[in-house]
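> Got a file for you: coords_1.txt, compact mmCIF, N, CA and C atoms and all ligand atoms.
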# COMPACT_ATOMS: atom_id res chain seq x y z
N MET A 24 -43.89 60.64 34.32
CA MET A 24 -43.53 61.13 33.00
C MET A 24 -42.51 60.18 32.37
N TYR A 25 -42.70 59.93 31.09
CA TYR A 25 -41.73 59.08 30.39
C TYR A 25 -40.45 59.84 30.11
N VAL A 26 -39.34 59.22 30.43
CA VAL A 26 -38.03 59.79 30.13
C VAL A 26 -37.51 59.15 28.84
N CYS A 27 -37.66 57.86 28.74
CA CYS A 27 -37.24 57.13 27.55
C CYS A 27 -38.46 56.47 26.91
N VAL A 28 -38.86 57.03 25.78
CA VAL A 28 -40.06 56.54 25.10
C VAL A 28 -39.79 55.17 24.46
N CYS A 29 -38.62 55.00 23.92
CA CYS A 29 -38.29 53.74 23.24
C CYS A 29 -38.38 52.53 24.18
N GLN A 30 -37.92 52.70 25.41
CA GLN A 30 -37.92 51.60 26.37
C GLN A 30 -39.05 51.72 27.40
N GLY A 31 -39.82 52.80 27.31
CA GLY A 31 -40.93 52.99 28.25
C GLY A 31 -40.47 53.18 29.68
N VAL A 32 -39.39 53.91 29.85
CA VAL A 32 -38.83 54.13 31.20
C VAL A 32 -39.34 55.47 31.74
N THR A 33 -39.85 55.42 32.95
CA THR A 33 -40.41 56.62 33.56
C THR A 33 -39.44 57.24 34.58
N GLU A 34 -39.76 58.49 34.91
CA GLU A 34 -39.00 59.21 35.93
C GLU A 34 -39.03 58.44 37.25
N ARG A 35 -40.17 57.87 37.58
CA ARG A 35 -40.32 57.11 38.82
C ARG A 35 -39.36 55.92 38.86
N GLN A 36 -39.22 55.24 37.74
CA GLN A 36 -38.29 54.09 37.68
C GLN A 36 -36.85 54.54 37.89
N ILE A 37 -36.52 55.71 37.36
CA ILE A 37 -35.16 56.23 37.54
C ILE A 37 -34.93 56.61 39.00
N HIS A 38 -35.93 57.19 39.64
CA HIS A 38 -35.80 57.51 41.07
C HIS A 38 -35.62 56.24 41.88
N GLU A 39 -36.34 55.20 41.55
CA GLU A 39 -36.21 53.93 42.27
C GLU A 39 -34.82 53.34 42.05
N ALA A 40 -34.32 53.41 40.83
CA ALA A 40 -32.97 52.91 40.54
C ALA A 40 -31.93 53.69 41.35
N ALA A 41 -32.10 55.00 41.46
CA ALA A 41 -31.18 55.82 42.25
C ALA A 41 -31.22 55.41 43.71
N ARG A 42 -32.42 55.13 44.20
CA ARG A 42 -32.58 54.68 45.59
C ARG A 42 -31.85 53.35 45.82
N GLN A 43 -31.79 52.55 44.78
CA GLN A 43 -31.12 51.25 44.89
C GLN A 43 -29.61 51.35 44.64
N GLY A 44 -29.12 52.57 44.39
CA GLY A 44 -27.68 52.75 44.28
C GLY A 44 -27.13 53.04 42.90
N VAL A 45 -27.99 53.10 41.90
CA VAL A 45 -27.51 53.44 40.56
C VAL A 45 -27.05 54.90 40.56
N SER A 46 -25.82 55.13 40.11
CA SER A 46 -25.29 56.49 40.16
C SER A 46 -24.78 57.00 38.82
N ARG A 47 -24.70 56.14 37.83
CA ARG A 47 -24.16 56.56 36.54
C ARG A 47 -25.12 56.17 35.42
N LEU A 48 -25.06 56.95 34.35
CA LEU A 48 -25.93 56.70 33.21
C LEU A 48 -25.69 55.30 32.63
N LYS A 49 -24.45 54.88 32.65
CA LYS A 49 -24.12 53.55 32.13
C LYS A 49 -24.85 52.45 32.92
N GLU A 50 -24.90 52.63 34.23
CA GLU A 50 -25.61 51.65 35.08
C GLU A 50 -27.11 51.69 34.80
N LEU A 51 -27.61 52.92 34.58
CA LEU A 51 -29.03 53.08 34.28
C LEU A 51 -29.37 52.40 32.96
N ARG A 52 -28.46 52.51 32.01
CA ARG A 52 -28.65 51.87 30.71
C ARG A 52 -28.70 50.34 30.88
N GLN A 53 -27.80 49.82 31.69
CA GLN A 53 -27.76 48.37 31.91
C GLN A 53 -29.01 47.89 32.65
N GLN A 54 -29.47 48.69 33.60
CA GLN A 54 -30.60 48.26 34.43
C GLN A 54 -31.95 48.47 33.76
N LEU A 55 -32.13 49.63 33.11
CA LEU A 55 -33.46 49.97 32.58
C LEU A 55 -33.52 50.05 31.06
N GLY A 56 -32.38 50.13 30.41
CA GLY A 56 -32.37 50.16 28.95
C GLY A 56 -32.41 51.54 28.32
N VAL A 57 -32.35 52.60 29.16
CA VAL A 57 -32.38 53.94 28.57
C VAL A 57 -31.21 54.12 27.61
N THR A 58 -31.41 54.90 26.60
CA THR A 58 -30.44 55.27 25.55
C THR A 58 -30.03 54.13 24.63
N GLN A 59 -30.63 52.97 24.78
CA GLN A 59 -30.20 51.83 23.96
C GLN A 59 -30.72 51.85 22.52
N ASP A 60 -31.79 52.60 22.27
CA ASP A 60 -32.31 52.63 20.90
C ASP A 60 -31.90 53.92 20.18
N CYS A 61 -32.74 54.94 20.24
CA CYS A 61 -32.43 56.18 19.49
C CYS A 61 -31.41 57.05 20.23
N GLY A 62 -31.35 56.94 21.54
CA GLY A 62 -30.40 57.71 22.33
C GLY A 62 -30.81 59.14 22.66
N ARG A 63 -31.99 59.53 22.20
CA ARG A 63 -32.43 60.91 22.43
C ARG A 63 -32.72 61.21 23.89
N CYS A 64 -32.85 60.20 24.70
CA CYS A 64 -33.19 60.40 26.10
C CYS A 64 -31.96 60.59 26.99
N ALA A 65 -30.78 60.50 26.41
CA ALA A 65 -29.55 60.50 27.22
C ALA A 65 -29.45 61.70 28.15
N SER A 66 -29.64 62.88 27.60
CA SER A 66 -29.50 64.09 28.41
C SER A 66 -30.56 64.15 29.50
N CYS A 67 -31.79 63.86 29.13
CA CYS A 67 -32.90 63.91 30.09
C CYS A 67 -32.72 62.83 31.16
N ALA A 68 -32.30 61.64 30.76
CA ALA A 68 -32.10 60.54 31.71
C ALA A 68 -30.98 60.89 32.68
N HIS A 69 -29.92 61.51 32.17
CA HIS A 69 -28.80 61.91 33.02
C HIS A 69 -29.24 62.95 34.03
N THR A 70 -29.98 63.96 33.57
CA THR A 70 -30.49 65.00 34.47
C THR A 70 -31.43 64.41 35.52
N CYS A 71 -32.30 63.54 35.09
CA CYS A 71 -33.26 62.91 36.00
C CYS A 71 -32.52 62.08 37.06
N LEU A 72 -31.51 61.34 36.64
CA LEU A 72 -30.73 60.53 37.58
C LEU A 72 -30.02 61.42 38.59
N LYS A 73 -29.47 62.52 38.11
CA LYS A 73 -28.77 63.46 39.00
C LYS A 73 -29.74 64.01 40.05
N GLU A 74 -30.91 64.42 39.61
CA GLU A 74 -31.92 64.95 40.54
C GLU A 74 -32.39 63.88 41.51
N ALA A 75 -32.54 62.67 41.01
CA ALA A 75 -33.00 61.57 41.87
C ALA A 75 -31.97 61.25 42.94
N ARG A 76 -30.71 61.24 42.55
CA ARG A 76 -29.64 60.96 43.52
C ARG A 76 -29.58 62.06 44.58
N LYS A 77 -29.73 63.31 44.14
CA LYS A 77 -29.70 64.44 45.08
C LYS A 77 -30.87 64.32 46.06
N ALA A 78 -32.04 64.03 45.56
CA ALA A 78 -33.23 63.89 46.42
C ALA A 78 -33.04 62.74 47.40
N HIS A 79 -32.47 61.64 46.92
CA HIS A 79 -32.25 60.48 47.78
C HIS A 79 -31.23 60.81 48.87
N GLN A 80 -30.16 61.51 48.51
CA GLN A 80 -29.14 61.89 49.49
C GLN A 80 -29.72 62.85 50.53
N GLU A 81 -30.55 63.80 50.10
CA GLU A 81 -31.16 64.73 51.05
C GLU A 81 -32.09 63.99 52.00
N GLN A 82 -32.78 63.00 51.47
CA GLN A 82 -33.68 62.19 52.29
C GLN A 82 -32.88 61.43 53.36
N GLN A 83 -31.73 60.91 52.97
CA GLN A 83 -30.89 60.18 53.92
C GLN A 83 -30.33 61.11 54.99
N LEU A 84 -30.01 62.37 54.63
CA LEU A 84 -29.47 63.32 55.60
C LEU A 84 -30.51 63.70 56.65
N ARG A 85 -31.79 63.64 56.27
CA ARG A 85 -32.86 63.98 57.21
C ARG A 85 -33.08 62.87 58.23
N TYR A 86 -32.57 61.69 57.96
CA TYR A 86 -32.75 60.56 58.87
C TYR A 86 -31.71 60.64 59.98
N VAL A 87 -32.17 60.87 61.18
CA VAL A 87 -31.27 60.97 62.33
C VAL A 87 -31.69 59.92 63.35
N PRO A 88 -30.95 58.82 63.43
CA PRO A 88 -31.34 57.76 64.37
C PRO A 88 -31.22 58.22 65.82
N HIS A 89 -32.14 57.78 66.65
CA HIS A 89 -32.14 58.13 68.06
C HIS A 89 -31.90 56.88 68.90
N ALA A 90 -31.14 57.04 69.96
CA ALA A 90 -30.87 55.93 70.86
C ALA A 90 -32.13 55.53 71.61
N SER A 91 -33.10 56.45 71.71
CA SER A 91 -34.32 56.18 72.46
C SER A 91 -35.26 55.22 71.74
N GLY A 92 -34.92 54.84 70.52
CA GLY A 92 -35.78 53.91 69.79
C GLY A 92 -36.85 54.59 68.95
N GLU A 93 -36.81 55.91 68.88
CA GLU A 93 -37.77 56.60 68.03
C GLU A 93 -37.47 56.25 66.58
N ASN A 94 -38.37 56.60 65.71
CA ASN A 94 -38.19 56.21 64.31
C ASN A 94 -37.05 56.92 63.60
N GLY A 95 -36.48 57.95 64.18
CA GLY A 95 -35.33 58.61 63.61
C GLY A 95 -35.62 59.62 62.53
N LEU A 96 -36.88 59.89 62.29
CA LEU A 96 -37.20 60.88 61.26
C LEU A 96 -37.20 62.26 61.89
N ALA A 97 -36.31 63.10 61.43
CA ALA A 97 -36.24 64.45 61.94
C ALA A 97 -37.34 65.28 61.30
N ALA A 98 -37.81 66.27 62.01
CA ALA A 98 -38.82 67.15 61.47
C ALA A 98 -38.27 67.88 60.27
N ALA A 99 -39.08 68.01 59.25
CA ALA A 99 -38.64 68.72 58.05
C ALA A 99 -38.39 70.18 58.39
N ALA A 100 -37.32 70.72 57.86
CA ALA A 100 -36.95 72.11 58.17
C ALA A 100 -37.83 73.07 57.42
S1 LIG A 201 -35.97 57.63 23.90
FE1 LIG A 201 -34.55 56.44 25.01
S2 LIG A 201 -33.56 55.25 23.52
FE2 LIG A 201 -35.03 56.38 22.42
Using structure tokens, write down the structure that the file contains.


Amino acid sequence: MYVCVCQGVTERQIHEAARQGVSRLKELRQQLGVTQDCGRCASCAHTCLKEARKAHQEQQLRYVPHASGENGLAAAA
């Protein structure tokens, strides 16, 4: 789904940016260009970034490394 129509930025791109460490709308603006034209996407982009960061953090919490050399992925609860 497009979050920013002016710059053609999708929800998927925002999730990828969050995975790469983007945590603030200002950084998202610098990286992807959201809010640079009409600015109508600001609220939606901010919400999407927040959700993406939360999902990424939850994904990281599920990763439990094992000394036995297993892949470290814990079973989903
Ligand atoms: S919709 Fe994002 S700047 Fe216009």

> Select the residues contacting ligand LIG 201 (chain A) at a distance of at most 9 Å, based on only C-alpha atoms and all ligand atoms, then format the selection as a ChimeraX atom specification.

/A:25-32,56-65,68

> So, counting all atoms listed in the file, which residue among A:Arg47, A:Met24, A:Thr33, A:Ala41 is closest to Ala75 (chain A)?

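The shortest atom-to-atom distance to Ala75 (chain A) comes from A:Ala41.
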
> Report, in Å with one decimal, the straight-line distance from atom N of Cys67 (chain A) to atom C of Arg85 (chain A).

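If I compute the distance from atom N of Cys67 (chain A) to atom C of Arg85 (chain A), I get 29.1 Å.
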
> Find the distance between atom C of Leu55 (chain A) and atom N of Lys73 (chain A) and write it in Å to one decimal.

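Those two atoms sit 14.9 Å apart.
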
> Please return, as a ChimeraX atom specification, all residues of chain A that DSSP assigns to alpha helix (DSSP H) on the basis of the backbone.

/A:34-42,48-55,65-85

> Just the number, please: distance in Å from atom N of Lys77 (chain A) to atom C of Gln53 (chain A), one decimal.

19.2 Å

> Per DSSP on the backbone, filter chain A down to the residues in strand (DSSP E) and report them as a short mmCIF file (atom, residue, chain, number, x, y, z; two decimals) with N, CA and C atoms, in the frame of the given file.


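Saved result, part30.cif, follows:
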data_model
loop_
_atom_site.label_atom_id
_atom_site.label_comp_id
_atom_site.auth_asym_id
_atom_site.auth_seq_id
_atom_site.Cartn_x
_atom_site.Cartn_y
_atom_site.Cartn_z
N TYR A 25 -42.70 59.93 31.09
CA TYR A 25 -41.73 59.08 30.39
C TYR A 25 -40.45 59.84 30.11
N VAL A 26 -39.34 59.22 30.43
CA VAL A 26 -38.03 59.79 30.13
C VAL A 26 -37.51 59.15 28.84
N CYS A 27 -37.66 57.86 28.74
CA CYS A 27 -37.24 57.13 27.55
C CYS A 27 -38.46 56.47 26.91
N VAL A 32 -39.39 53.91 29.85
CA VAL A 32 -38.83 54.13 31.20
C VAL A 32 -39.34 55.47 31.74
N THR A 33 -39.85 55.42 32.95
CA THR A 33 -40.41 56.62 33.56
C THR A 33 -39.44 57.24 34.58
#

> Which of these, A:His69, A:Tyr86, A:Arg76, A:Glu81, has the shortest distance to Arg42 (chain A) once you count all atoms listed in the file?

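Checking each candidate against Arg42 (chain A), we get A:Arg76 as the closest.
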